[in-house]
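**Student:** The following block contains the structure, expressed as structure tokens.
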Amino acid sequence: MPATPQRFETASGTAYAVAGSGAPLVLIHGVGMRIEAWAPQIAALSERFEVIALDLPGHGESRPLPKGATLTDFVARIATFLTEIGRGPVSIAGHSMGALIAGGLAAEAPAQVSRVALLNGVYRRDPAARAAVEARAAEISTGGFDREAPLARWFGAAGEHEAARTLCRQLLATVDAEGYATAYGAFATGDAVYADRWRDVACPALFLTGEGDLNSSPAMSRAMAAAAQNGRALVIADHRHMVNLTAPDLVNAALIDWMGWTVSQRKEACHDA
């Protein structure tokens with residue numbers, strides 16, 4: 001039976017849940033979500049590892065960062081969190097905005113990171129994509145944003161993956177508007193912040209996305225994997241942005257495999273699943 005997560009809060013104000021025992025694995029969700037967005041991973045992976053899932057600043061029960069905080073501010077806050085929980089070097093998997101933070105941690109705090117996985121991570125958006133995400137950030141900053149709009153990008157037409165869509169709708173409906181706006185602003189401008197640092201990242205690095213994710217595209221994952229010293233890319237066919245919820249068995253299997261990688265293993269070619 002999977003362990004029931006226990007909930008805690010650090011002195012700096014980061015709320016987190018812990019389940020299972022073994023090698024520590026930290027999970028960082030995306031903008032608008034919270035710990036519950038990792039439910040399939042917590043249930044499955046806690047049978048093998050100590051899974052530590054956190055709420056981003058301004059999300060769930062975590063204390064917010066100041067308005068206008070940048071990606072580097074989010075990275076610094078989570079680096080503080082890693083120090084506070086005292087697990088030593090940990091494996092870190094992040095989704096979307098969480099992937100940007102995970103990449104920043106691998107670059108800025110390598111002594112705290114034993115391996116890193118970016119799920120649906122963004123990397124060097126083209127001008128059209130940058131303009132679109134910056135326009136969304138500006139709209140969200142007004143507080144009058146459409147909380148249904150992300151669902152169409154994440155899942156496509158209604159009728160597929162309804163349980164995952166319903167969960168994400170519920171989480172978006174309850175997210176704090178100011179915390180969401182701050183995180184989205186950092187997300188919109190964060191795709192190039194650490195883009196030149198992948199050549200310095202020596203730990204095992206997985207870059208996983210959905211074949212149909214146009215904003216965190218397979219090309220982005222493959223480019224990051226090629227740039228990292230020990231990077232591999234995995235593209236999940238017939239899935240989009242919330243691949244950890246829509247293809248949990250494939251994602252869980254990929255994360256279990258990644259948890260066993262070592263830097264001595266030969267860098268492998270990118271592949272699809």
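For the structure tokens, the naming scheme is as follows: chains receive sequential letters (A, B, ...) according to their order of presentation, residues are indexed from 1 within each chain, and ligands are indexed from 1 in presentation order.
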Excluding A:Glu160 and any residue of its chain fewer than 3 positions from it, enumerate the residues within 12 Å of it, using only C-alpha atoms, and give them as a PDB file with all heavy atoms, in the first residue's frame.
**Tutor:**
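As a result, around36.pdb now contains:
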ATOM      1  N   LEU A 151      -6.676  24.795 -19.702  1.00  0.00           N
ATOM      2  CA  LEU A 151      -7.092  23.405 -19.874  1.00  0.00           C
ATOM      3  C   LEU A 151      -7.096  22.990 -21.336  1.00  0.00           C
ATOM      4  O   LEU A 151      -6.753  21.856 -21.667  1.00  0.00           O
ATOM      5  CB  LEU A 151      -8.467  23.187 -19.239  1.00  0.00           C
ATOM      6  CG  LEU A 151      -8.546  23.484 -17.732  1.00  0.00           C
ATOM      7  CD1 LEU A 151      -9.986  23.360 -17.244  1.00  0.00           C
ATOM      8  CD2 LEU A 151      -7.625  22.557 -16.948  1.00  0.00           C
ATOM      9  N   ALA A 152      -7.492  23.906 -22.215  1.00  0.00           N
ATOM     10  CA  ALA A 152      -7.493  23.588 -23.643  1.00  0.00           C
ATOM     11  C   ALA A 152      -6.078  23.359 -24.158  1.00  0.00           C
ATOM     12  O   ALA A 152      -5.841  22.458 -24.972  1.00  0.00           O
ATOM     13  CB  ALA A 152      -8.172  24.710 -24.423  1.00  0.00           C
ATOM     14  N   TRP A 154      -3.544  22.364 -22.304  1.00  0.00           N
ATOM     15  CA  TRP A 154      -2.964  21.211 -21.628  1.00  0.00           C
ATOM     16  C   TRP A 154      -3.536  19.875 -22.090  1.00  0.00           C
ATOM     17  O   TRP A 154      -2.833  18.879 -22.137  1.00  0.00           O
ATOM     18  CB  TRP A 154      -3.174  21.332 -20.123  1.00  0.00           C
ATOM     19  CG  TRP A 154      -2.472  22.476 -19.486  1.00  0.00           C
ATOM     20  CD1 TRP A 154      -1.529  23.296 -20.052  1.00  0.00           C
ATOM     21  CD2 TRP A 154      -2.648  22.947 -18.146  1.00  0.00           C
ATOM     22  NE1 TRP A 154      -1.119  24.247 -19.150  1.00  0.00           N
ATOM     23  CE2 TRP A 154      -1.778  24.054 -17.974  1.00  0.00           C
ATOM     24  CE3 TRP A 154      -3.464  22.549 -17.088  1.00  0.00           C
ATOM     25  CZ2 TRP A 154      -1.708  24.755 -16.771  1.00  0.00           C
ATOM     26  CZ3 TRP A 154      -3.376  23.241 -15.882  1.00  0.00           C
ATOM     27  CH2 TRP A 154      -2.501  24.334 -15.724  1.00  0.00           C
ATOM     28  N   PHE A 155      -4.858  19.887 -22.422  1.00  0.00           N
ATOM     29  CA  PHE A 155      -5.535  18.614 -22.698  1.00  0.00           C
ATOM     30  C   PHE A 155      -6.151  18.517 -24.083  1.00  0.00           C
ATOM     31  O   PHE A 155      -6.544  17.429 -24.491  1.00  0.00           O
ATOM     32  CB  PHE A 155      -6.647  18.388 -21.664  1.00  0.00           C
ATOM     33  CG  PHE A 155      -6.151  18.251 -20.255  1.00  0.00           C
ATOM     34  CD1 PHE A 155      -6.272  19.303 -19.364  1.00  0.00           C
ATOM     35  CD2 PHE A 155      -5.549  17.084 -19.822  1.00  0.00           C
ATOM     36  CE1 PHE A 155      -5.817  19.192 -18.058  1.00  0.00           C
ATOM     37  CE2 PHE A 155      -5.091  16.957 -18.521  1.00  0.00           C
ATOM     38  CZ  PHE A 155      -5.221  18.015 -17.632  1.00  0.00           C
ATOM     39  N   GLY A 156      -6.280  19.615 -24.809  1.00  0.00           N
ATOM     40  CA  GLY A 156      -6.959  19.569 -26.090  1.00  0.00           C
ATOM     41  C   GLY A 156      -8.466  19.580 -25.912  1.00  0.00           C
ATOM     42  O   GLY A 156      -8.997  20.093 -24.918  1.00  0.00           O
ATOM     43  N   ALA A 157      -9.169  18.983 -26.858  1.00  0.00           N
ATOM     44  CA  ALA A 157     -10.631  18.983 -26.831  1.00  0.00           C
ATOM     45  C   ALA A 157     -11.153  18.189 -25.641  1.00  0.00           C
ATOM     46  O   ALA A 157     -10.521  17.237 -25.172  1.00  0.00           O
ATOM     47  CB  ALA A 157     -11.175  18.397 -28.131  1.00  0.00           C
ATOM     48  N   ALA A 163     -10.673  12.887 -15.862  1.00  0.00           N
ATOM     49  CA  ALA A 163     -10.316  12.923 -14.440  1.00  0.00           C
ATOM     50  C   ALA A 163      -9.163  13.900 -14.212  1.00  0.00           C
ATOM     51  O   ALA A 163      -9.186  14.698 -13.265  1.00  0.00           O
ATOM     52  CB  ALA A 163      -9.946  11.528 -13.948  1.00  0.00           C
ATOM     53  N   ALA A 164      -8.157  13.864 -15.084  1.00  0.00           N
ATOM     54  CA  ALA A 164      -7.033  14.783 -14.955  1.00  0.00           C
ATOM     55  C   ALA A 164      -7.469  16.213 -15.213  1.00  0.00           C
ATOM     56  O   ALA A 164      -7.048  17.148 -14.513  1.00  0.00           O
ATOM     57  CB  ALA A 164      -5.927  14.385 -15.931  1.00  0.00           C
ATOM     58  N   ARG A 165      -8.323  16.408 -16.210  1.00  0.00           N
ATOM     59  CA  ARG A 165      -8.834  17.750 -16.507  1.00  0.00           C
ATOM     60  C   ARG A 165      -9.616  18.300 -15.324  1.00  0.00           C
ATOM     61  O   ARG A 165      -9.463  19.472 -14.950  1.00  0.00           O
ATOM     62  CB  ARG A 165      -9.708  17.706 -17.765  1.00  0.00           C
ATOM     63  CG  ARG A 165     -10.190  19.078 -18.248  1.00  0.00           C
ATOM     64  CD  ARG A 165     -11.244  18.927 -19.336  1.00  0.00           C
ATOM     65  NE  ARG A 165     -10.699  18.346 -20.544  1.00  0.00           N
ATOM     66  CZ  ARG A 165     -10.285  19.050 -21.605  1.00  0.00           C
ATOM     67  NH1 ARG A 165     -10.361  20.370 -21.586  1.00  0.00           N
ATOM     68  NH2 ARG A 165      -9.823  18.454 -22.671  1.00  0.00           N
ATOM     69  N   THR A 166     -10.443  17.458 -14.708  1.00  0.00           N
ATOM     70  CA  THR A 166     -11.249  17.900 -13.565  1.00  0.00           C
ATOM     71  C   THR A 166     -10.359  18.303 -12.396  1.00  0.00           C
ATOM     72  O   THR A 166     -10.592  19.325 -11.741  1.00  0.00           O
ATOM     73  CB  THR A 166     -12.223  16.788 -13.143  1.00  0.00           C
ATOM     74  OG1 THR A 166     -13.136  16.549 -14.214  1.00  0.00           O
ATOM     75  CG2 THR A 166     -13.005  17.186 -11.899  1.00  0.00           C
ATOM     76  N   ASP A 238       1.240  10.800 -28.122  1.00  0.00           N
ATOM     77  CA  ASP A 238      -0.208  10.973 -27.946  1.00  0.00           C
ATOM     78  C   ASP A 238      -0.587  11.630 -26.618  1.00  0.00           C
ATOM     79  O   ASP A 238      -1.707  11.441 -26.129  1.00  0.00           O
ATOM     80  CB  ASP A 238      -0.938   9.626 -28.075  1.00  0.00           C
ATOM     81  CG  ASP A 238      -0.677   8.953 -29.409  1.00  0.00           C
ATOM     82  OD1 ASP A 238      -0.654   9.668 -30.431  1.00  0.00           O
ATOM     83  OD2 ASP A 238      -0.470   7.731 -29.426  1.00  0.00           O
ATOM     84  N   HIS A 239       0.326  12.409 -26.040  1.00  0.00           N
ATOM     85  CA  HIS A 239       0.015  13.130 -24.807  1.00  0.00           C
ATOM     86  C   HIS A 239       0.495  14.563 -24.927  1.00  0.00           C
ATOM     87  O   HIS A 239       1.311  14.897 -25.794  1.00  0.00           O
ATOM     88  CB  HIS A 239       0.642  12.436 -23.597  1.00  0.00           C
ATOM     89  CG  HIS A 239      -0.042  11.160 -23.251  1.00  0.00           C
ATOM     90  ND1 HIS A 239      -1.103  11.072 -22.380  1.00  0.00           N
ATOM     91  CD2 HIS A 239       0.160   9.889 -23.714  1.00  0.00           C
ATOM     92  CE1 HIS A 239      -1.514   9.829 -22.299  1.00  0.00           C
ATOM     93  NE2 HIS A 239      -0.769   9.079 -23.100  1.00  0.00           N
ATOM     94  N   ARG A 240      -0.035  15.413 -24.030  1.00  0.00           N
ATOM     95  CA  ARG A 240       0.270  16.834 -24.084  1.00  0.00           C
ATOM     96  C   ARG A 240       1.015  17.292 -22.826  1.00  0.00           C
ATOM     97  O   ARG A 240       1.930  16.627 -22.372  1.00  0.00           O
ATOM     98  CB  ARG A 240      -1.017  17.633 -24.285  1.00  0.00           C
ATOM     99  CG  ARG A 240      -1.660  17.435 -25.653  1.00  0.00           C
ATOM    100  CD  ARG A 240      -2.760  18.460 -25.849  1.00  0.00           C
ATOM    101  NE  ARG A 240      -3.385  18.348 -27.146  1.00  0.00           N
ATOM    102  CZ  ARG A 240      -3.806  19.396 -27.850  1.00  0.00           C
ATOM    103  NH1 ARG A 240      -3.671  20.615 -27.367  1.00  0.00           N
ATOM    104  NH2 ARG A 240      -4.391  19.231 -29.029  1.00  0.00           N
ATOM    105  N   LEU A 245      -0.125  13.290 -15.383  1.00  0.00           N
ATOM    106  CA  LEU A 245      -1.485  12.900 -15.010  1.00  0.00           C
ATOM    107  C   LEU A 245      -2.165  12.062 -16.083  1.00  0.00           C
ATOM    108  O   LEU A 245      -2.994  11.207 -15.766  1.00  0.00           O
ATOM    109  CB  LEU A 245      -2.336  14.145 -14.730  1.00  0.00           C
ATOM    110  CG  LEU A 245      -1.965  14.970 -13.501  1.00  0.00           C
ATOM    111  CD1 LEU A 245      -2.811  16.235 -13.438  1.00  0.00           C
ATOM    112  CD2 LEU A 245      -2.132  14.151 -12.225  1.00  0.00           C
ATOM    113  N   THR A 246      -1.831  12.295 -17.344  1.00  0.00           N
ATOM    114  CA  THR A 246      -2.513  11.578 -18.419  1.00  0.00           C
ATOM    115  C   THR A 246      -1.810  10.284 -18.812  1.00  0.00           C
ATOM    116  O   THR A 246      -2.425   9.382 -19.377  1.00  0.00           O
ATOM    117  CB  THR A 246      -2.663  12.471 -19.670  1.00  0.00           C
ATOM    118  OG1 THR A 246      -1.363  12.858 -20.143  1.00  0.00           O
ATOM    119  CG2 THR A 246      -3.491  13.720 -19.345  1.00  0.00           C
ATOM    120  N   ALA A 247      -0.524  10.173 -18.522  1.00  0.00           N
ATOM    121  CA  ALA A 247       0.227   8.936 -18.791  1.00  0.00           C
ATOM    122  C   ALA A 247       1.055   8.579 -17.559  1.00  0.00           C
ATOM    123  O   ALA A 247       2.279   8.423 -17.628  1.00  0.00           O
ATOM    124  CB  ALA A 247       1.123   9.109 -20.009  1.00  0.00           C
TER     125      ALA A 247
END
**Student:** Tell me, as number ranges by chain, which residues lie within 9 Å of stretch 92-96 of chain A, counting only C-alpha atoms; anything in the same chain fewer than 4 positions away does not count.
**Tutor:** A: 24-31, 100-103, 105-106, 113-122, 187, 206, 216, 241-242, 244, 255
**Student:** Would you output that residue set with N, CA, C and O atoms, as a short mmCIF file (atom, residue, chain, number, x, y, z; two decimals), in the first residue's frame?
**Tutor:**
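Written output follows (part.cif):
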data_model
loop_
_atom_site.label_atom_id
_atom_site.label_comp_id
_atom_site.auth_asym_id
_atom_site.auth_seq_id
_atom_site.Cartn_x
_atom_site.Cartn_y
_atom_site.Cartn_z
N PRO A 24 15.82 10.24 -1.34
CA PRO A 24 14.88 11.36 -1.41
C PRO A 24 14.67 11.87 -2.83
O PRO A 24 15.62 12.09 -3.58
N LEU A 25 13.40 12.05 -3.18
CA LEU A 25 12.98 12.55 -4.48
C LEU A 25 12.05 13.74 -4.25
O LEU A 25 10.97 13.58 -3.66
N VAL A 26 12.45 14.93 -4.70
CA VAL A 26 11.67 16.15 -4.52
C VAL A 26 10.89 16.45 -5.80
O VAL A 26 11.46 16.43 -6.90
N LEU A 27 9.59 16.73 -5.66
CA LEU A 27 8.71 17.03 -6.79
C LEU A 27 8.25 18.48 -6.71
O LEU A 27 7.75 18.92 -5.67
N ILE A 28 8.40 19.21 -7.83
CA ILE A 28 8.04 20.62 -7.89
C ILE A 28 7.01 20.81 -9.01
O ILE A 28 7.31 20.58 -10.18
N HIS A 29 5.81 21.22 -8.65
CA HIS A 29 4.71 21.33 -9.63
C HIS A 29 4.80 22.61 -10.46
O HIS A 29 5.69 23.46 -10.27
N GLY A 30 3.85 22.77 -11.38
CA GLY A 30 3.81 23.93 -12.26
C GLY A 30 2.89 25.03 -11.77
O GLY A 30 2.22 24.92 -10.74
N VAL A 31 2.83 26.12 -12.55
CA VAL A 31 2.04 27.29 -12.19
C VAL A 31 0.56 26.93 -12.08
O VAL A 31 0.00 26.25 -12.95
N LEU A 100 11.57 24.56 -14.77
CA LEU A 100 12.49 25.70 -14.82
C LEU A 100 13.25 25.85 -13.50
O LEU A 100 14.45 26.11 -13.48
N ILE A 101 12.53 25.68 -12.40
CA ILE A 101 13.16 25.78 -11.08
C ILE A 101 14.17 24.64 -10.89
O ILE A 101 15.28 24.85 -10.40
N ALA A 102 13.79 23.43 -11.28
CA ALA A 102 14.68 22.28 -11.15
C ALA A 102 15.97 22.51 -11.95
O ALA A 102 17.07 22.23 -11.47
N GLY A 103 15.83 23.03 -13.15
CA GLY A 103 17.01 23.32 -13.97
C GLY A 103 17.88 24.40 -13.33
O GLY A 103 19.11 24.31 -13.36
N LEU A 105 18.13 25.00 -10.13
CA LEU A 105 18.81 24.39 -8.98
C LEU A 105 20.01 23.57 -9.42
O LEU A 105 21.07 23.59 -8.78
N ALA A 106 19.85 22.81 -10.50
CA ALA A 106 20.97 22.01 -11.00
C ALA A 106 22.14 22.90 -11.40
O ALA A 106 23.31 22.52 -11.24
N VAL A 113 21.90 18.72 -5.59
CA VAL A 113 21.13 17.99 -6.60
C VAL A 113 21.92 16.78 -7.09
O VAL A 113 22.99 16.92 -7.70
N SER A 114 21.39 15.58 -6.83
CA SER A 114 22.07 14.37 -7.30
C SER A 114 21.67 13.99 -8.71
O SER A 114 22.43 13.36 -9.44
N ARG A 115 20.46 14.36 -9.12
CA ARG A 115 19.98 14.16 -10.49
C ARG A 115 18.78 15.08 -10.69
O ARG A 115 18.16 15.53 -9.72
N VAL A 116 18.45 15.36 -11.95
CA VAL A 116 17.37 16.30 -12.23
C VAL A 116 16.52 15.78 -13.38
O VAL A 116 17.05 15.18 -14.33
N ALA A 117 15.21 15.97 -13.28
CA ALA A 117 14.29 15.60 -14.35
C ALA A 117 13.38 16.79 -14.65
O ALA A 117 12.77 17.35 -13.74
N LEU A 118 13.32 17.17 -15.91
CA LEU A 118 12.43 18.25 -16.35
C LEU A 118 11.29 17.64 -17.14
O LEU A 118 11.50 17.07 -18.22
N LEU A 119 10.08 17.73 -16.59
CA LEU A 119 8.88 17.26 -17.28
C LEU A 119 8.20 18.46 -17.91
O LEU A 119 7.89 19.44 -17.24
N ASN A 120 8.01 18.40 -19.22
CA ASN A 120 7.35 19.46 -19.96
C ASN A 120 8.02 20.81 -19.68
O ASN A 120 7.38 21.81 -19.37
N GLY A 121 9.33 20.80 -19.82
CA GLY A 121 10.10 22.02 -19.60
C GLY A 121 10.18 22.88 -20.85
O GLY A 121 10.12 22.38 -21.98
N VAL A 122 10.30 24.19 -20.64
CA VAL A 122 10.45 25.12 -21.77
C VAL A 122 11.91 25.56 -21.89
O VAL A 122 12.64 25.61 -20.90
N PHE A 187 7.56 32.56 -14.94
CA PHE A 187 7.54 31.50 -15.96
C PHE A 187 7.66 32.08 -17.36
O PHE A 187 8.39 31.55 -18.21
N LEU A 206 17.11 14.01 -17.03
CA LEU A 206 16.04 13.50 -17.90
C LEU A 206 15.19 14.68 -18.36
O LEU A 206 14.80 15.53 -17.56
N SER A 216 5.85 23.23 -24.57
CA SER A 216 7.03 22.58 -23.98
C SER A 216 7.35 21.41 -24.90
O SER A 216 7.14 20.25 -24.57
N HIS A 241 0.55 18.43 -22.25
CA HIS A 241 1.31 19.10 -21.22
C HIS A 241 1.24 18.43 -19.86
O HIS A 241 2.24 18.42 -19.12
N MET A 242 0.10 17.88 -19.49
CA MET A 242 -0.03 17.29 -18.16
C MET A 242 0.24 15.79 -18.22
O MET A 242 -0.51 14.96 -17.73
N ASN A 244 2.20 13.83 -16.72
CA ASN A 244 2.31 13.05 -15.49
C ASN A 244 0.95 12.58 -14.98
O ASN A 244 0.85 11.59 -14.26
N LEU A 255 10.64 7.76 -14.41
CA LEU A 255 11.27 8.33 -13.22
C LEU A 255 11.98 7.27 -12.38
O LEU A 255 13.06 7.51 -11.84
#
**Student:** Which residues of stretch 168-229 of chain A sit at most 10 Å from stretch 46-56 of chain A, using only C-alpha atoms? Give each one's shortest atom pair and distance in Å (one decimal place), in chain and ascending residue order, as JSON lines.
**Tutor:**
{"residue": "A:Gly179", "atom": "CA", "partner": "A:Leu56", "partner_atom": "CA", "distance": 9.0}
{"residue": "A:Tyr180", "atom": "CA", "partner": "A:Leu56", "partner_atom": "CA", "distance": 9.7}
{"residue": "A:Ala183", "atom": "CA", "partner": "A:Leu56", "partner_atom": "CA", "distance": 8.4}
**Student:** Go ahead and write the residues just picked, all heavy atoms, as a PDB file, in the first residue's frame.
**Tutor:**
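Below you can see again30.pdb, which holds the result:
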ATOM      1  N   GLY A 179      -0.536  35.025  -6.165  1.00  0.00           N
ATOM      2  CA  GLY A 179       0.536  34.034  -6.229  1.00  0.00           C
ATOM      3  C   GLY A 179       0.684  33.453  -7.629  1.00  0.00           C
ATOM      4  O   GLY A 179       1.805  33.228  -8.111  1.00  0.00           O
ATOM      5  N   TYR A 180      -0.446  33.229  -8.276  1.00  0.00           N
ATOM      6  CA  TYR A 180      -0.451  32.717  -9.647  1.00  0.00           C
ATOM      7  C   TYR A 180       0.182  33.722 -10.595  1.00  0.00           C
ATOM      8  O   TYR A 180       1.024  33.369 -11.435  1.00  0.00           O
ATOM      9  CB  TYR A 180      -1.890  32.411 -10.049  1.00  0.00           C
ATOM     10  CG  TYR A 180      -2.085  31.779 -11.402  1.00  0.00           C
ATOM     11  CD1 TYR A 180      -1.333  30.690 -11.814  1.00  0.00           C
ATOM     12  CD2 TYR A 180      -3.066  32.257 -12.277  1.00  0.00           C
ATOM     13  CE1 TYR A 180      -1.541  30.093 -13.054  1.00  0.00           C
ATOM     14  CE2 TYR A 180      -3.286  31.672 -13.520  1.00  0.00           C
ATOM     15  CZ  TYR A 180      -2.519  30.590 -13.903  1.00  0.00           C
ATOM     16  OH  TYR A 180      -2.728  30.005 -15.132  1.00  0.00           O
ATOM     17  N   ALA A 183       4.018  33.880 -10.119  1.00  0.00           N
ATOM     18  CA  ALA A 183       4.681  32.705 -10.684  1.00  0.00           C
ATOM     19  C   ALA A 183       4.615  32.714 -12.206  1.00  0.00           C
ATOM     20  O   ALA A 183       5.596  32.367 -12.879  1.00  0.00           O
ATOM     21  CB  ALA A 183       4.050  31.431 -10.130  1.00  0.00           C
TER      22      ALA A 183
END
**Student:** Counting only C-alpha atoms, which residues of stretch 68-131 of chain A fall within 10 Å of stretch 3-13 of chain A, and what is the closest atom pair for each with its distance in Å at one decimal, ordered by chain and rising number, as a Markdown table?
**Tutor:**
| residue | atom | partner | partner_atom | distance |
| --- | --- | --- | --- | --- |
| A:Arg77 | CA | A:Ser12 | CA | 8.1 |
| A:Ile78 | CA | A:Ser12 | CA | 9.7 |
| A:Thr80 | CA | A:Ser12 | CA | 7.7 |
| A:Phe81 | CA | A:Thr10 | CA | 7.1 |
| A:Leu82 | CA | A:Thr10 | CA | 9.9 |
| A:Glu84 | CA | A:Thr10 | CA | 6.6 |
| A:Ile85 | CA | A:Thr10 | CA | 7.6 |
**Student:** Filtering to all heavy atoms, could you give me those residues as a PDB file, in the first residue's frame?
**Tutor:**
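After the write, selection_12.pdb holds the following:
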ATOM      1  N   ARG A  77      14.439  30.409  -3.290  1.00  0.00           N
ATOM      2  CA  ARG A  77      13.509  29.955  -2.240  1.00  0.00           C
ATOM      3  C   ARG A  77      13.534  28.432  -2.107  1.00  0.00           C
ATOM      4  O   ARG A  77      13.552  27.893  -0.984  1.00  0.00           O
ATOM      5  CB  ARG A  77      12.100  30.442  -2.570  1.00  0.00           C
ATOM      6  CG  ARG A  77      10.984  29.901  -1.722  1.00  0.00           C
ATOM      7  CD  ARG A  77      10.958  30.442  -0.283  1.00  0.00           C
ATOM      8  NE  ARG A  77       9.728  29.998   0.344  1.00  0.00           N
ATOM      9  CZ  ARG A  77       8.573  30.654   0.288  1.00  0.00           C
ATOM     10  NH1 ARG A  77       8.482  31.818  -0.343  1.00  0.00           N
ATOM     11  NH2 ARG A  77       7.499  30.169   0.871  1.00  0.00           N
ATOM     12  N   ILE A  78      13.561  27.717  -3.222  1.00  0.00           N
ATOM     13  CA  ILE A  78      13.557  26.259  -3.142  1.00  0.00           C
ATOM     14  C   ILE A  78      14.931  25.739  -2.714  1.00  0.00           C
ATOM     15  O   ILE A  78      15.021  24.700  -2.039  1.00  0.00           O
ATOM     16  CB  ILE A  78      13.097  25.633  -4.477  1.00  0.00           C
ATOM     17  CG1 ILE A  78      11.732  26.202  -4.898  1.00  0.00           C
ATOM     18  CG2 ILE A  78      12.994  24.112  -4.340  1.00  0.00           C
ATOM     19  CD1 ILE A  78      10.655  26.145  -3.815  1.00  0.00           C
ATOM     20  N   THR A  80      16.676  27.200  -0.472  1.00  0.00           N
ATOM     21  CA  THR A  80      16.536  27.336   0.976  1.00  0.00           C
ATOM     22  C   THR A  80      15.729  26.172   1.542  1.00  0.00           C
ATOM     23  O   THR A  80      16.080  25.604   2.583  1.00  0.00           O
ATOM     24  CB  THR A  80      15.863  28.668   1.331  1.00  0.00           C
ATOM     25  OG1 THR A  80      16.706  29.737   0.904  1.00  0.00           O
ATOM     26  CG2 THR A  80      15.614  28.790   2.829  1.00  0.00           C
ATOM     27  N   PHE A  81      14.671  25.815   0.860  1.00  0.00           N
ATOM     28  CA  PHE A  81      13.855  24.674   1.276  1.00  0.00           C
ATOM     29  C   PHE A  81      14.691  23.399   1.364  1.00  0.00           C
ATOM     30  O   PHE A  81      14.596  22.642   2.340  1.00  0.00           O
ATOM     31  CB  PHE A  81      12.691  24.485   0.299  1.00  0.00           C
ATOM     32  CG  PHE A  81      11.978  23.175   0.420  1.00  0.00           C
ATOM     33  CD1 PHE A  81      11.074  22.963   1.440  1.00  0.00           C
ATOM     34  CD2 PHE A  81      12.211  22.154  -0.486  1.00  0.00           C
ATOM     35  CE1 PHE A  81      10.418  21.746   1.567  1.00  0.00           C
ATOM     36  CE2 PHE A  81      11.558  20.940  -0.376  1.00  0.00           C
ATOM     37  CZ  PHE A  81      10.650  20.736   0.656  1.00  0.00           C
ATOM     38  N   LEU A  82      15.528  23.152   0.365  1.00  0.00           N
ATOM     39  CA  LEU A  82      16.357  21.948   0.373  1.00  0.00           C
ATOM     40  C   LEU A  82      17.305  21.950   1.568  1.00  0.00           C
ATOM     41  O   LEU A  82      17.538  20.900   2.185  1.00  0.00           O
ATOM     42  CB  LEU A  82      17.146  21.841  -0.931  1.00  0.00           C
ATOM     43  CG  LEU A  82      16.321  21.645  -2.207  1.00  0.00           C
ATOM     44  CD1 LEU A  82      17.237  21.589  -3.418  1.00  0.00           C
ATOM     45  CD2 LEU A  82      15.454  20.405  -2.138  1.00  0.00           C
ATOM     46  N   GLU A  84      16.673  23.459   4.400  1.00  0.00           N
ATOM     47  CA  GLU A  84      15.845  23.305   5.594  1.00  0.00           C
ATOM     48  C   GLU A  84      15.451  21.852   5.850  1.00  0.00           C
ATOM     49  O   GLU A  84      15.382  21.421   7.006  1.00  0.00           O
ATOM     50  CB  GLU A  84      14.583  24.170   5.470  1.00  0.00           C
ATOM     51  CG  GLU A  84      14.856  25.661   5.599  1.00  0.00           C
ATOM     52  CD  GLU A  84      13.632  26.500   5.353  1.00  0.00           C
ATOM     53  OE1 GLU A  84      12.885  26.205   4.381  1.00  0.00           O
ATOM     54  OE2 GLU A  84      13.405  27.463   6.095  1.00  0.00           O
ATOM     55  N   ILE A  85      15.179  21.081   4.798  1.00  0.00           N
ATOM     56  CA  ILE A  85      14.735  19.708   5.031  1.00  0.00           C
ATOM     57  C   ILE A  85      15.903  18.777   5.335  1.00  0.00           C
ATOM     58  O   ILE A  85      15.688  17.662   5.823  1.00  0.00           O
ATOM     59  CB  ILE A  85      13.893  19.159   3.863  1.00  0.00           C
ATOM     60  CG1 ILE A  85      14.700  19.090   2.569  1.00  0.00           C
ATOM     61  CG2 ILE A  85      12.620  19.998   3.690  1.00  0.00           C
ATOM     62  CD1 ILE A  85      13.959  18.416   1.415  1.00  0.00           C
TER      63      ILE A  85
END
**Student:** As a list in words, please: every residue in stretch 38-224 of chain A that a backbone DSSP assignment puts in strand (DSSP E or B).
**Tutor:**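 Of stretch 38-224 of chain A, the ones in strand (DSSP E or B) are Glu50, Val51, Ile52, Ala53, Leu54, Val90, Ser91, Ile92, Ala93, Gly94, His95, Val113, Ser114, Arg115, Val116, Ala117, Leu118, Leu119, Ala205, Leu206, Phe207, Leu208, Thr209 and Gly210 of chain A.
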**Student:** Could you save those same residues with C-alpha atoms as a tab-separated table (two decimals), in the first residue's frame?
**Tutor:**
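Output file again.tsv follows:
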chain	number	residue	atom	x	y	z
A	50	GLU	CA	11.06	9.06	0.07
A	51	VAL	CA	8.88	11.39	-2.01
A	52	ILE	CA	8.85	15.04	-0.96
A	53	ALA	CA	6.32	17.18	-2.85
A	54	LEU	CA	6.12	20.91	-2.19
A	90	VAL	CA	18.37	14.97	-3.58
A	91	SER	CA	16.86	13.93	-6.89
A	92	ILE	CA	14.60	16.70	-8.21
A	93	ALA	CA	11.78	16.37	-10.74
A	94	GLY	CA	9.89	19.48	-11.82
A	95	HIS	CA	6.93	20.01	-14.13
A	113	VAL	CA	21.13	17.99	-6.60
A	114	SER	CA	22.07	14.37	-7.30
A	115	ARG	CA	19.98	14.16	-10.49
A	116	VAL	CA	17.37	16.30	-12.23
A	117	ALA	CA	14.29	15.60	-14.35
A	118	LEU	CA	12.43	18.25	-16.35
A	119	LEU	CA	8.88	17.26	-17.28
A	205	ALA	CA	19.35	14.70	-16.42
A	206	LEU	CA	16.04	13.50	-17.90
A	207	PHE	CA	14.00	15.73	-20.23
A	208	LEU	CA	10.50	14.32	-20.72
A	209	THR	CA	7.53	15.83	-22.53
A	210	GLY	CA	4.39	14.94	-24.46
**Student:** Would you give me, as a ChimeraX atom specification, the residues in stretch 27-258 of chain A that DSSP reads as helix (DSSP H, G or I)?
**Tutor:** /A:35-45,71-85,97-108,110-112,127-141,149-155,162-174,177-188,195-200,218-227,243-246,248-258
